[in-house]
>>> print(open('final21.cif').read())   # mmCIF, C-alpha atoms and all ligand atoms
data_my_file
#
loop_
_atom_site.label_atom_id
_atom_site.label_comp_id
_atom_site.auth_asym_id
_atom_site.auth_seq_id
_atom_site.Cartn_x
_atom_site.Cartn_y
_atom_site.Cartn_z
CA MET O 1103 148.79 103.48 113.41
CA PHE O 1104 145.77 101.23 113.86
CA ARG O 1105 146.25 98.24 111.60
CA TYR O 1106 143.17 96.64 110.11
CA ARG O 1107 145.00 93.36 109.64
CA ASP O 1108 146.47 93.06 113.13
CA GLU O 1109 146.31 89.32 113.88
CA GLY O 1110 146.87 89.80 117.61
CA LEU O 1111 143.93 92.18 117.88
CA ALA O 1112 141.81 89.82 115.78
CA GLN O 1113 142.58 86.98 118.20
CA ARG O 1114 141.70 89.16 121.19
CA ILE O 1115 138.32 89.98 119.64
CA ILE O 1116 137.69 86.28 119.02
CA GLU O 1117 138.66 85.44 122.63
CA LYS O 1118 136.26 88.10 123.94
CA LEU O 1119 133.49 86.68 121.74
CA LYS O 1120 134.22 83.14 122.93
CA ALA O 1121 133.83 84.28 126.52
CA LEU O 1122 130.27 85.40 125.71
CA ASN O 1123 129.18 81.83 124.93
CA LEU O 1124 127.25 82.84 121.82
CA ASP O 1125 125.07 80.99 119.35
CA LEU O 1126 124.31 83.56 116.66
CA ARG O 1127 123.67 83.72 112.95
CA LEU O 1128 124.60 86.96 111.20
CA MET O 1129 124.19 87.86 107.56
CA HIS O 1130 126.10 90.22 105.32
CA VAL O 1131 124.88 91.38 101.90
CA CYS O 1132 128.10 92.34 100.16
CA GLY O 1133 130.43 90.59 97.73
CA THR O 1134 133.51 92.27 99.16
CA HIS O 1135 132.58 91.24 102.70
CA GLN O 1136 132.33 87.67 101.44
CA ASP O 1137 135.75 88.03 99.82
CA THR O 1138 137.21 89.21 103.13
CA MET O 1139 135.44 86.43 105.07
CA VAL O 1140 136.82 83.68 102.84
CA LYS O 1141 140.24 85.17 102.05
CA PHE O 1142 141.11 85.66 105.72
CA GLY O 1143 139.35 82.59 107.10
CA LEU O 1144 137.00 84.69 109.25
CA ASN O 1145 134.13 82.22 108.89
CA SER O 1146 135.92 79.49 110.82
CA MET O 1147 137.35 81.94 113.39
CA LEU O 1148 133.90 83.32 114.12
CA GLN O 1149 132.33 79.87 114.13
CA GLU O 1150 134.72 78.89 116.93
CA ALA O 1151 133.21 81.81 118.84
CA GLY O 1152 129.64 80.66 118.20
CA ILE O 1153 128.90 83.06 115.33
CA GLU O 1154 127.88 81.84 111.91
CA VAL O 1155 127.98 84.44 109.14
CA ARG O 1156 125.91 83.78 106.03
CA ALA O 1157 126.28 85.63 102.73
CA GLY O 1158 123.05 87.08 101.35
CA PRO O 1159 122.22 88.76 98.03
CA GLY O 1160 125.35 90.92 97.90
CA CYS O 1161 126.45 90.43 94.33
CA PRO O 1162 124.66 92.68 91.81
CA VAL O 1163 125.56 90.44 88.88
CA CYS O 1164 124.26 87.34 90.68
CA VAL O 1165 120.87 88.83 91.57
CA THR O 1166 120.19 89.98 88.00
CA THR O 1167 117.51 87.65 86.69
CA ALA O 1168 117.62 85.39 83.65
CA LYS O 1169 114.75 87.47 82.23
CA GLU O 1170 116.80 90.69 82.37
CA ILE O 1171 119.68 88.93 80.59
CA GLU O 1172 117.21 87.65 77.98
CA GLU O 1173 116.02 91.24 77.47
CA ALA O 1174 119.59 92.35 76.70
CA ILE O 1175 120.11 89.37 74.39
CA LEU O 1176 116.87 90.06 72.51
CA LEU O 1177 117.77 93.72 71.98
CA ALA O 1178 121.14 92.65 70.56
CA ARG O 1179 119.39 90.19 68.24
CA LYS O 1180 117.11 93.05 67.12
CA GLY O 1181 120.15 94.99 65.90
CA LYS O 1182 120.89 97.25 68.87
CA VAL O 1183 124.42 97.67 70.14
CA VAL O 1184 124.33 96.34 73.71
CA ALA O 1185 127.09 97.29 76.16
CA THR O 1186 127.69 96.10 79.71
CA PHE O 1187 130.37 95.30 82.28
CA GLY O 1188 132.67 92.28 82.00
CA ASP O 1189 131.11 89.98 84.61
CA MET O 1190 127.64 90.37 83.14
CA PHE O 1191 128.93 89.11 79.81
CA ARG O 1192 129.29 85.50 80.85
CA VAL O 1193 126.21 85.05 83.04
CA PRO O 1194 123.80 82.67 81.34
CA GLY O 1195 120.25 83.74 80.58
CA GLU O 1196 117.96 80.77 80.09
CA HIS O 1197 120.23 79.11 77.52
CA GLN O 1198 122.92 81.55 76.42
CA SER O 1199 125.04 84.36 77.80
CA LEU O 1200 125.71 87.71 76.13
CA ALA O 1201 129.18 86.34 75.28
CA ASP O 1202 127.59 83.39 73.42
CA VAL O 1203 125.35 85.74 71.44
CA LYS O 1204 128.29 88.02 70.62
CA ALA O 1205 130.12 84.96 69.26
CA GLU O 1206 127.20 84.53 66.82
CA GLY O 1207 128.09 87.95 65.42
CA PHE O 1208 125.73 90.29 67.27
CA ASP O 1209 127.09 93.63 68.42
CA ILE O 1210 127.63 93.29 72.16
CA ARG O 1211 130.43 95.28 73.76
CA MET O 1212 132.20 94.95 77.08
CA VAL O 1213 132.79 98.39 78.62
CA TYR O 1214 134.52 99.62 81.76
CA SER O 1215 132.10 102.49 82.35
CA ILE O 1216 128.92 104.04 81.03
CA THR O 1217 131.11 106.83 79.60
CA ASP O 1218 132.61 104.26 77.20
CA CYS O 1219 129.08 103.41 76.14
CA ILE O 1220 128.25 107.07 75.48
CA ALA O 1221 131.40 107.29 73.33
CA ILE O 1222 130.14 104.30 71.30
CA ALA O 1223 126.73 105.98 70.85
CA GLU O 1224 128.36 109.21 69.66
CA LYS O 1225 130.19 107.34 66.89
CA THR O 1226 127.29 105.34 65.43
CA ASP O 1227 123.83 105.84 63.97
CA LYS O 1228 122.69 102.57 65.52
CA ASP O 1229 120.72 102.46 68.76
CA VAL O 1230 122.99 101.76 71.73
CA VAL O 1231 121.68 100.16 74.94
CA PHE O 1232 123.62 100.17 78.20
CA PHE O 1233 122.68 97.15 80.35
CA SER O 1234 123.11 98.91 83.68
CA ILE O 1235 123.44 96.86 86.85
CA GLY O 1236 124.41 97.47 90.44
CA PHE O 1237 123.20 98.58 93.84
CA GLU O 1238 123.00 102.12 95.25
CA THR O 1239 126.77 102.41 94.83
CA THR O 1240 126.65 102.44 91.06
CA ALA O 1241 123.21 103.91 90.26
CA PRO O 1242 124.23 107.60 90.70
CA THR O 1243 126.63 107.37 87.72
CA PRO O 1244 124.06 106.45 85.03
CA ALA O 1245 121.67 108.92 86.68
CA SER O 1246 124.22 111.68 86.21
CA VAL O 1247 124.74 110.66 82.57
CA ILE O 1248 120.99 110.89 81.92
CA LEU O 1249 120.92 114.41 83.40
CA HIS O 1250 123.63 115.53 80.95
CA ASN O 1251 121.69 115.03 77.70
CA PRO O 1252 123.20 111.83 76.33
CA PRO O 1253 122.88 111.12 72.56
CA ALA O 1254 119.34 110.41 71.33
CA ASN O 1255 120.34 106.91 70.16
CA PHE O 1256 121.38 105.96 73.72
CA SER O 1257 119.20 104.20 76.30
CA ILE O 1258 119.49 102.28 79.56
CA LEU O 1259 118.22 98.79 80.34
CA SER O 1260 118.14 99.14 84.11
CA ALA O 1261 118.76 96.17 86.39
CA HIS O 1262 119.64 98.41 89.34
CA ARG O 1263 118.50 97.28 92.75
CA LEU O 1264 118.25 98.60 96.28
CA ILE O 1265 119.71 96.73 99.24
CA PRO O 1266 117.48 97.66 102.24
CA PRO O 1267 114.25 96.26 100.67
CA ALA O 1268 116.07 92.95 100.05
CA MET O 1269 117.21 92.84 103.69
CA GLU O 1270 113.61 93.39 104.76
CA ALA O 1271 112.45 90.65 102.37
CA LEU O 1272 114.93 88.19 103.90
CA ILE O 1273 113.43 88.81 107.33
CA GLN O 1274 109.85 88.69 106.07
CA MET O 1275 110.43 85.44 104.17
CA GLY O 1276 111.49 83.90 107.48
CA GLU O 1277 113.35 80.99 105.90
CA MET O 1278 115.97 81.18 108.63
CA LYS O 1279 116.75 83.09 111.78
CA ILE O 1280 118.90 86.21 111.24
CA ASP O 1281 120.19 87.67 114.51
CA GLY O 1282 121.89 90.67 112.93
CA PHE O 1283 123.10 92.21 109.70
CA ILE O 1284 126.61 93.31 108.75
CA ASN O 1285 125.73 96.13 106.34
CA PRO O 1286 127.68 96.88 103.15
CA GLY O 1287 130.31 99.61 103.23
CA HIS O 1288 130.11 100.99 99.68
CA VAL O 1289 126.31 101.03 99.53
CA SER O 1290 126.28 102.82 102.88
CA THR O 1291 128.60 105.59 101.66
CA ILE O 1292 125.71 106.57 99.36
CA ILE O 1293 122.60 105.84 101.46
CA GLY O 1294 124.07 106.49 104.94
CA GLU O 1295 123.05 104.97 108.27
CA ARG O 1296 119.47 106.17 108.38
CA ALA O 1297 118.31 104.23 105.33
CA TYR O 1298 118.53 101.02 107.38
CA GLU O 1299 116.86 102.25 110.55
CA PHE O 1300 113.39 100.96 109.63
CA ILE O 1301 114.73 97.40 109.69
CA SER O 1302 115.93 97.65 113.29
CA THR O 1303 112.83 99.54 114.39
CA ARG O 1304 110.30 97.31 112.66
CA TYR O 1305 111.92 93.90 113.13
CA LYS O 1306 114.21 94.45 116.15
CA VAL O 1307 117.22 93.27 114.17
CA PRO O 1308 120.59 94.89 115.02
CA GLN O 1309 122.78 96.17 112.20
CA VAL O 1310 126.38 97.35 111.92
CA ILE O 1311 127.80 99.04 108.82
CA ALA O 1312 131.27 97.61 108.26
CA GLY O 1313 134.36 98.31 106.20
CA PHE O 1314 136.16 95.63 104.23
CA GLU O 1315 139.29 94.81 106.22
CA PRO O 1316 139.30 91.70 108.44
CA LEU O 1317 139.21 93.76 111.63
CA ASP O 1318 136.27 95.80 110.30
CA VAL O 1319 134.24 92.62 109.96
CA LEU O 1320 135.35 91.20 113.33
CA ILE O 1321 134.57 94.46 115.11
CA ALA O 1322 131.15 94.54 113.40
CA ALA O 1323 130.49 90.99 114.64
CA TYR O 1324 131.54 92.05 118.14
CA LEU O 1325 129.29 95.14 118.10
CA LEU O 1326 126.36 93.01 116.91
CA ALA O 1327 127.01 90.47 119.68
CA MET O 1328 127.00 93.33 122.21
CA GLN O 1329 123.69 94.69 120.89
CA ILE O 1330 122.11 91.25 120.99
CA ARG O 1331 123.39 90.63 124.52
CA THR O 1332 121.95 93.89 125.78
CA GLY O 1333 118.67 93.44 123.89
CA GLU O 1334 119.26 96.44 121.64
CA ALA O 1335 118.41 96.73 117.95
CA LYS O 1336 119.89 99.76 116.23
CA VAL O 1337 122.15 100.76 113.34
CA GLU O 1338 125.79 101.25 114.32
CA ASN O 1339 128.51 102.48 112.04
CA GLU O 1340 131.86 100.70 112.32
CA TYR O 1341 132.93 102.31 109.01
CA ALA O 1342 132.54 105.90 110.22
CA ARG O 1343 135.91 106.76 108.65
CA VAL O 1344 134.05 106.66 105.31
CA VAL O 1345 130.27 106.43 105.88
CA LYS O 1346 128.38 109.51 107.07
CA PRO O 1347 125.03 109.20 108.89
CA GLU O 1348 123.24 110.93 106.02
CA GLY O 1349 125.32 109.26 103.28
CA ASN O 1350 126.18 111.18 100.13
CA GLU O 1351 123.36 113.72 99.75
CA LYS O 1352 124.42 114.83 96.27
CA ALA O 1353 124.57 111.27 94.89
CA LYS O 1354 121.19 110.48 96.47
CA ARG O 1355 119.62 113.60 94.92
CA ILE O 1356 120.93 112.71 91.45
CA MET O 1357 119.77 109.11 91.79
CA GLU O 1358 116.32 110.15 93.00
CA ALA O 1359 115.94 112.76 90.24
CA VAL O 1360 116.37 110.13 87.53
CA PHE O 1361 115.26 106.81 89.00
CA GLU O 1362 112.19 105.71 90.91
CA PRO O 1363 111.79 102.50 92.93
CA PHE O 1364 109.56 99.76 91.58
CA ASP O 1365 108.69 96.17 92.44
CA VAL O 1366 111.06 93.68 90.89
CA SER O 1367 112.11 90.07 91.41
CA TRP O 1368 115.70 89.13 92.22
CA ARG O 1369 117.34 85.87 91.23
CA GLY O 1370 116.28 83.38 93.87
CA PHE O 1371 113.67 85.75 95.32
CA PRO O 1372 110.06 86.55 94.55
CA VAL O 1373 109.10 90.12 93.66
CA ILE O 1374 110.48 92.45 96.34
CA PRO O 1375 108.40 95.63 96.72
CA GLY O 1376 110.26 98.84 95.88
CA SER O 1377 113.58 97.07 95.35
CA GLY O 1378 114.32 97.97 91.72
CA LEU O 1379 115.19 101.27 90.06
CA ARG O 1380 113.60 102.35 86.77
CA LEU O 1381 113.87 105.63 84.90
CA ARG O 1382 111.24 108.22 85.76
CA GLU O 1383 108.59 109.01 83.15
CA GLU O 1384 110.29 112.25 82.09
CA PHE O 1385 113.30 110.21 80.94
CA ALA O 1386 111.21 107.59 79.07
CA ASN O 1387 113.17 108.27 75.85
CA TYR O 1388 116.25 106.87 77.55
CA ASP O 1389 114.45 103.86 79.03
CA ALA O 1390 115.13 100.82 76.82
CA ARG O 1391 112.10 98.97 78.26
CA LYS O 1392 109.77 101.76 77.15
CA ARG O 1393 111.53 102.52 73.90
CA TYR O 1394 111.58 98.88 72.75
CA GLU O 1395 108.41 97.77 74.51
CA ASP O 1396 107.03 96.03 71.41
CA ALA O 1397 110.21 94.06 70.77
CA LEU O 1398 110.55 93.05 74.42
CA SER O 1399 106.92 91.90 74.62
CA GLU O 1400 108.06 88.75 72.76
CA LEU O 1401 109.75 87.54 75.94
CA SER O 1402 108.11 85.09 78.28
CA SER O 1403 107.58 86.18 81.87
CA ASP O 1404 109.08 83.02 83.29
CA TYR O 1405 112.64 81.73 82.95
CA ARG O 1406 114.19 78.64 84.42
CA GLU O 1407 117.43 78.67 86.38
CA PRO O 1408 120.31 76.54 85.05
CA GLU O 1409 119.64 72.90 85.90
CA GLY O 1410 121.12 71.83 89.22
CA CYS O 1411 122.38 75.33 90.08
CA ARG O 1412 121.69 76.42 93.68
CA CYS O 1413 122.49 80.13 93.26
CA GLY O 1414 118.98 81.10 94.36
CA GLU O 1415 119.40 79.35 97.72
CA ILE O 1416 122.96 80.68 98.06
CA LEU O 1417 121.69 84.23 97.52
CA ARG O 1418 119.09 83.72 100.25
CA GLY O 1419 121.83 82.45 102.57
CA LEU O 1420 120.24 79.02 102.91
CA VAL O 1421 123.13 76.93 101.60
CA TYR O 1422 126.87 77.30 101.03
CA PRO O 1423 128.54 76.91 97.61
CA GLU O 1424 130.04 73.58 98.67
CA ASP O 1425 126.47 72.29 99.17
CA CYS O 1426 126.03 72.45 95.38
CA PRO O 1427 127.06 69.13 93.81
CA LEU O 1428 128.26 70.99 90.71
CA PHE O 1429 130.71 73.19 92.65
CA GLY O 1430 134.27 72.76 91.42
CA THR O 1431 133.35 69.81 89.22
CA MET O 1432 130.87 70.72 86.49
CA CYS O 1433 130.92 74.38 87.53
CA THR O 1434 134.18 76.36 87.67
CA PRO O 1435 135.11 79.98 86.83
CA GLN O 1436 136.31 78.72 83.42
CA HIS O 1437 133.00 76.92 82.78
CA PRO O 1438 130.43 78.60 85.04
CA ILE O 1439 126.92 77.23 85.20
CA GLY O 1440 125.37 79.90 87.42
CA PRO O 1441 126.06 83.59 88.08
CA CYS O 1442 127.57 82.98 91.53
CA MET O 1443 130.52 81.29 89.78
CA VAL O 1444 130.87 83.98 87.09
CA SER O 1445 131.08 87.15 89.12
CA ILE O 1446 134.13 87.94 91.24
CA GLU O 1447 131.61 89.06 93.89
CA GLY O 1448 129.75 85.72 93.68
CA SER O 1449 130.05 83.30 96.61
CA CYS O 1450 130.94 80.29 94.44
CA ASN O 1451 133.64 82.19 92.55
CA ILE O 1452 135.12 83.53 95.80
CA LEU O 1453 135.26 80.10 97.44
CA PHE O 1454 136.75 78.56 94.30
CA ARG O 1455 139.44 81.26 94.09
CA TYR O 1456 140.58 81.07 97.71
CA GLY O 1457 139.72 77.48 98.53
CA LYS O 1458 138.69 76.58 102.04
CA HIS O 1459 142.07 77.03 103.67
CA ARG O 1460 142.76 79.80 106.10
CA ILE O 1461 145.55 82.16 105.07
CA GLY O 1462 145.67 84.13 108.30
CA VAL O 1463 144.86 87.69 109.23
S1 LIG G 1501 129.08 97.42 95.56
FE1 LIG G 1501 130.50 97.39 97.26
S2 LIG G 1501 129.20 97.37 99.09
FE2 LIG G 1501 127.92 96.81 97.35
S3 LIG G 1501 127.95 94.61 97.33
FE3 LIG G 1501 129.54 95.28 95.91
S4 LIG G 1501 131.38 95.36 97.16
FE4 LIG G 1501 129.67 95.28 98.59
S1 LIG G 1502 128.60 76.03 92.00
FE1 LIG G 1502 127.82 76.74 90.02
S2 LIG G 1502 125.97 75.58 89.69
FE2 LIG G 1502 126.45 75.43 91.86
S3 LIG G 1502 125.35 77.12 92.84
FE3 LIG G 1502 127.38 77.87 92.33
S4 LIG G 1502 127.14 78.82 90.33
FE4 LIG G 1502 125.34 77.52 90.62
#
>>> encode(input="final21.cif", output="C-alpha cells")
Amino acid sequence: MFRYRDEGLAQRIIEKLKALNLDLRLMHVCGTHQDTMVKFGLNSMLQEAGIEVRAGPGCPVCVTTAKEIEEAILLARKGKVVATFGDMFRVPGEHQSLADVKAEGFDIRMVYSITDCIAIAEKTDKDVVFFSIGFETTAPTPASVILHNPPANFSILSAHRLIPPAMEALIQMGEMKIDGFINPGHVSTIIGERAYEFISTRYKVPQVIAGFEPLDVLIAAYLLAMQIRTGEAKVENEYARVVKPEGNEKAKRIMEAVFEPFDVSWRGFPVIPGSGLRLREEFANYDARKRYEDALSELSSDYREPEGCRCGEILRGLVYPEDCPLFGTMCTPQHPIGPCMVSIEGSCNILFRYGKHRIGV
C-alpha cells in the first residue's frame, strides 16, 4: 500500500527537487497544511531544495476581525445568548475576548456544532445568536440549518469567508512574489478544482490541491516545481482520492441558496471583494446583523490589533511567528495575545506546540 509517510520516498522527492536547482516561494492557505509542514519538518527539507513555503490566511479563527468579535461581545452584553466554537472563545477583540465577557456573567456558550446551538434556542425564550465562522468547508452546515426552519429566536452572526478571493487579493497586493499555491484539501472537497482556475488563468500562477499527509505536500511542491519549470500555470489535483473536479455540488447548492458573497475585510487585510458570506435577504430574520442592526450601530468601524502582535503580517505570509518579539515570551497558548496563538490552526500556536525541531517523516 502507498504510504503517505514513507521517509524514503520523501527523500527521493527532495533529491529530485534539489537536482532542479530551484529558487521558489510557494504559499499554502490552510491551517492543517501548516501543521503538517511544522510537525514533519517539511519547511527545512524543502528549503534545502530551494523552495520556501509561506503560510497565508488559512486559519478561519485568525482571519476573523476584532470588529466581528466586538459584535458578538456587544450582543452578549445586550442580553442575547451567544454561542460559538472553542477557539473563538479566547480570541481577543479590541480589549476582551468572549471568555472574558462570559466571566463577567454574560451568557456565552461554547458549542461543538450549530446543532447544539439550536438545542439551546429550543429550550429558552431568549434570543440565541450563533457566531458562525469558517471557510467553504463549514458554511454548508449553517446553510442547511437555515433551510430547515430553525426556531424564531435563533440567528446567525456570520463571519464566514471564501478562500479563492483571498488568494487573488494576495497576488493583487503584490507584497511578495508567490510562485505557486498549495491549495487547501478540505475547502477543495466543497468547491472543487474549477473554483481556482481564474487565478491561474488571470495571473499565471500554478496551483496544486493537496492532501494533509507529508507526502501529499511534498508531491504538491514537486508538481508546482514542474509546472513552473515548463512555464505552465494550471490547477492540478494531488488530492484526487478525495477532491472531485466539480467539488460537492449538493453542499455548494445549499450554501449558495442561503448565503451570498459580499465585500469584507480580513484580519491583516483590507476589504477583499466578494470574500465574505452573508445571509440572503429572504433569510433576513435569521441574520443577526439585520435583526440587531440598531444595537450593533453603536460599534465603531475601526478596531486596533493587540499591541505588538504581528498576526496581520503572518496571515499575509510576510513574516514568520518567530519574527514576533512576543512569541513564546509574552505570548503563549496559555496567555495568547493574538489569534494566531489561540487557534490550533494558527501559525504561532502550531510553532509553539511542535517547536522548531524536525521529528522526521
Ligand atoms: S478547514 Fe480544512 S482546508 Fe480549510 S483551512 Fe482549515 S484545515 Fe485547511
Ligand atoms: S506570537 Fe502572539 S503576539 Fe506575536 S504574532 Fe503570534 S499571536 Fe500575535
>>> residues_around(input="final21.cif", residues="region 1334-1344 of chain O", least_positions_apart="5", cutoff="12 Å", atoms="all atoms listed in the file", output="PyMOL selection string")
chain O and resi 1106+1281-1292+1294-1315+1317-1329+1349-1350
>>> residues_near_ligand(input="final21.cif", ligand="ligand LIG 1502 (chain G)", cutoff="7 Å", atoms="only C-alpha atoms and all ligand atoms", output="PyMOL selection string")
chain O and resi 1410-1413+1416+1423+1426-1430+1433-1434+1438-1443+1450
>>> closest_residue(input="final21.cif", among="O:Leu1144, O:Leu1453, O:Ala1397, O:Ile1153", to="Tyr1422 (chain O)", atoms="all atoms listed in the file")
O:Leu1453
>>> closest_atom_pairs(input="final21.cif", of="region 1310-1413 of chain O", to="region 1261-1268 of chain O", cutoff="12 Å", atoms="all atoms listed in the file", output="Markdown table")
| residue | atom | partner | partner_atom | distance |
| --- | --- | --- | --- | --- |
| O:Met1357 | CA | O:His1262 | CA | 11.0 |
| O:Phe1361 | CA | O:His1262 | CA | 9.5 |
| O:Glu1362 | CA | O:His1262 | CA | 10.5 |
| O:Pro1363 | CA | O:Leu1264 | CA | 8.3 |
| O:Phe1364 | CA | O:Arg1263 | CA | 9.4 |
| O:Asp1365 | CA | O:Arg1263 | CA | 9.9 |
| O:Val1366 | CA | O:Arg1263 | CA | 8.5 |
| O:Ser1367 | CA | O:Arg1263 | CA | 9.7 |
| O:Trp1368 | CA | O:Arg1263 | CA | 8.6 |
| O:Arg1369 | CA | O:Ala1268 | CA | 11.4 |
| O:Gly1370 | CA | O:Ala1268 | CA | 11.4 |
| O:Phe1371 | CA | O:Ala1268 | CA | 8.9 |
| O:Pro1372 | CA | O:Ala1268 | CA | 10.4 |
| O:Val1373 | CA | O:Ala1268 | CA | 9.9 |
| O:Ile1374 | CA | O:Ala1268 | CA | 6.7 |
| O:Pro1375 | CA | O:Pro1267 | CA | 7.1 |
| O:Gly1376 | CA | O:Pro1267 | CA | 6.7 |
| O:Ser1377 | CA | O:Leu1264 | CA | 5.0 |
| O:Gly1378 | CA | O:Arg1263 | CA | 4.4 |
| O:Leu1379 | CA | O:His1262 | CA | 5.3 |
| O:Arg1380 | CA | O:His1262 | CA | 7.7 |
| O:Leu1381 | CA | O:His1262 | CA | 10.3 |
| O:Asp1389 | CA | O:Ala1261 | CA | 11.5 |
| O:Ala1390 | CA | O:Ala1261 | CA | 11.2 |
| O:Arg1391 | CA | O:Ala1261 | CA | 10.9 |
>>> write_last_selection(input="final21.cif", atoms="C-alpha atoms", output="PDB file, in the coordinates of the input")
ATOM      1  CA  MET O1357     119.770 109.110  91.790  1.00  0.00           C
ATOM      2  CA  PHE O1361     115.260 106.810  89.000  1.00  0.00           C
ATOM      3  CA  GLU O1362     112.190 105.710  90.910  1.00  0.00           C
ATOM      4  CA  PRO O1363     111.790 102.500  92.930  1.00  0.00           C
ATOM      5  CA  PHE O1364     109.560  99.760  91.580  1.00  0.00           C
ATOM      6  CA  ASP O1365     108.690  96.170  92.440  1.00  0.00           C
ATOM      7  CA  VAL O1366     111.060  93.680  90.890  1.00  0.00           C
ATOM      8  CA  SER O1367     112.110  90.070  91.410  1.00  0.00           C
ATOM      9  CA  TRP O1368     115.700  89.130  92.220  1.00  0.00           C
ATOM     10  CA  ARG O1369     117.340  85.870  91.230  1.00  0.00           C
ATOM     11  CA  GLY O1370     116.280  83.380  93.870  1.00  0.00           C
ATOM     12  CA  PHE O1371     113.670  85.750  95.320  1.00  0.00           C
ATOM     13  CA  PRO O1372     110.060  86.550  94.550  1.00  0.00           C
ATOM     14  CA  VAL O1373     109.100  90.120  93.660  1.00  0.00           C
ATOM     15  CA  ILE O1374     110.480  92.450  96.340  1.00  0.00           C
ATOM     16  CA  PRO O1375     108.400  95.630  96.720  1.00  0.00           C
ATOM     17  CA  GLY O1376     110.260  98.840  95.880  1.00  0.00           C
ATOM     18  CA  SER O1377     113.580  97.070  95.350  1.00  0.00           C
ATOM     19  CA  GLY O1378     114.320  97.970  91.720  1.00  0.00           C
ATOM     20  CA  LEU O1379     115.190 101.270  90.060  1.00  0.00           C
ATOM     21  CA  ARG O1380     113.600 102.350  86.770  1.00  0.00           C
ATOM     22  CA  LEU O1381     113.870 105.630  84.900  1.00  0.00           C
ATOM     23  CA  ASP O1389     114.450 103.860  79.030  1.00  0.00           C
ATOM     24  CA  ALA O1390     115.130 100.820  76.820  1.00  0.00           C
ATOM     25  CA  ARG O1391     112.100  98.970  78.260  1.00  0.00           C
TER      26      ARG O1391
END
>>> residues_near_point(input="final21.cif", point="(118.1, 100.3, 73.5)", cutoff="10 Å", atoms="all atoms listed in the file", output="list in words")
Ala1174, Leu1177, Ala1178, Lys1180, Gly1181, Lys1182, Val1183, Val1184, Ala1185, Lys1228, Asp1229, Val1230, Val1231, Phe1232, Phe1233, Asn1255, Phe1256, Ser1257, Ile1258, Leu1259, Asn1387, Tyr1388, Asp1389, Ala1390, Arg1391, Lys1392, Arg1393 and Tyr1394 of chain O
>>> closest_residue(input="final21.cif", among="O:Met1190, O:Ala1151, O:Val1421, O:Ala1245", to="Ala1168 (chain O)", atoms="only C-alpha atoms")
O:Met1190
>>> closest_atom_pairs(input="final21.cif", of="chain O", to="ligand LIG 1501 (chain G)", cutoff="7 Å", atoms="all atoms listed in the file", output="CSV")
residue,atom,partner,partner_atom,distance
O:Val1131,CA,G:LIG1501,S3,6.4
O:Cys1132,CA,G:LIG1501,S3,3.6
O:Gly1133,CA,G:LIG1501,S3,4.7
O:Thr1134,CA,G:LIG1501,S4,4.3
O:His1135,CA,G:LIG1501,FE4,6.5
O:Gly1160,CA,G:LIG1501,S3,4.5
O:Cys1161,CA,G:LIG1501,S3,5.4
O:Pro1162,CA,G:LIG1501,S3,6.7
O:Gly1236,CA,G:LIG1501,S1,6.9
O:Phe1237,CA,G:LIG1501,FE2,6.1
O:Thr1239,CA,G:LIG1501,S1,5.5
O:Pro1286,CA,G:LIG1501,S2,4.4
O:Gly1287,CA,G:LIG1501,S2,4.8
O:His1288,CA,G:LIG1501,S2,3.8
O:Val1289,CA,G:LIG1501,S2,4.7
O:Glu1447,CA,G:LIG1501,FE3,6.9
>>> residues_near_point(input="final21.cif", point="(130.0, 104.6, 80.2)", cutoff="9 Å", atoms="only C-alpha atoms", output="list in words")
Ala1185, Thr1186, Val1213, Tyr1214, Ser1215, Ile1216, Thr1217, Asp1218, Cys1219, Ile1220, Ala1221, Ile1222, Phe1232, Thr1243, Pro1244 and Val1247 of chain O
>>> atom_distance(input="final21.cif", atom1="CA of Pro1316 (chain O)", atom2="CA of Glu1424 (chain O)")
22.6 Å
>>> build_atoms(input="final21.cif", residues="region 1301-1308 of chain O", atoms="N, CA, C and O atoms", output="PDB file, in the coordinates of the input")
ATOM      1  N   ILE O1301     114.594  98.852 109.492  1.00  0.00           N
ATOM      2  CA  ILE O1301     114.730  97.400 109.690  1.00  0.00           C
ATOM      3  C   ILE O1301     114.894  97.088 111.182  1.00  0.00           C
ATOM      4  O   ILE O1301     114.249  96.187 111.724  1.00  0.00           O
ATOM      5  N   SER O1302     115.735  97.882 111.843  1.00  0.00           N
ATOM      6  CA  SER O1302     115.930  97.650 113.290  1.00  0.00           C
ATOM      7  C   SER O1302     114.674  98.012 114.074  1.00  0.00           C
ATOM      8  O   SER O1302     114.291  97.319 115.012  1.00  0.00           O
ATOM      9  N   THR O1303     114.022  99.108 113.658  1.00  0.00           N
ATOM     10  CA  THR O1303     112.830  99.540 114.390  1.00  0.00           C
ATOM     11  C   THR O1303     111.695  98.546 114.224  1.00  0.00           C
ATOM     12  O   THR O1303     111.062  98.121 115.187  1.00  0.00           O
ATOM     13  N   ARG O1304     111.465  98.154 112.960  1.00  0.00           N
ATOM     14  CA  ARG O1304     110.300  97.310 112.660  1.00  0.00           C
ATOM     15  C   ARG O1304     110.501  95.860 113.099  1.00  0.00           C
ATOM     16  O   ARG O1304     109.582  95.215 113.572  1.00  0.00           O
ATOM     17  N   TYR O1305     111.714  95.344 112.924  1.00  0.00           N
ATOM     18  CA  TYR O1305     111.920  93.900 113.130  1.00  0.00           C
ATOM     19  C   TYR O1305     112.844  93.583 114.305  1.00  0.00           C
ATOM     20  O   TYR O1305     113.156  92.433 114.552  1.00  0.00           O
ATOM     21  N   LYS O1306     113.317  94.634 114.989  1.00  0.00           N
ATOM     22  CA  LYS O1306     114.210  94.450 116.150  1.00  0.00           C
ATOM     23  C   LYS O1306     115.460  93.657 115.780  1.00  0.00           C
ATOM     24  O   LYS O1306     115.907  92.771 116.524  1.00  0.00           O
ATOM     25  N   VAL O1307     115.991  93.946 114.615  1.00  0.00           N
ATOM     26  CA  VAL O1307     117.220  93.270 114.170  1.00  0.00           C
ATOM     27  C   VAL O1307     118.373  94.289 114.225  1.00  0.00           C
ATOM     28  O   VAL O1307     118.296  95.339 113.589  1.00  0.00           O
ATOM     29  N   PRO O1308     119.439  93.986 114.971  1.00  0.00           N
ATOM     30  CA  PRO O1308     120.590  94.890 115.020  1.00  0.00           C
ATOM     31  C   PRO O1308     121.361  94.909 113.704  1.00  0.00           C
ATOM     32  O   PRO O1308     121.383  93.897 112.990  1.00  0.00           O
TER      33      PRO O1308
END
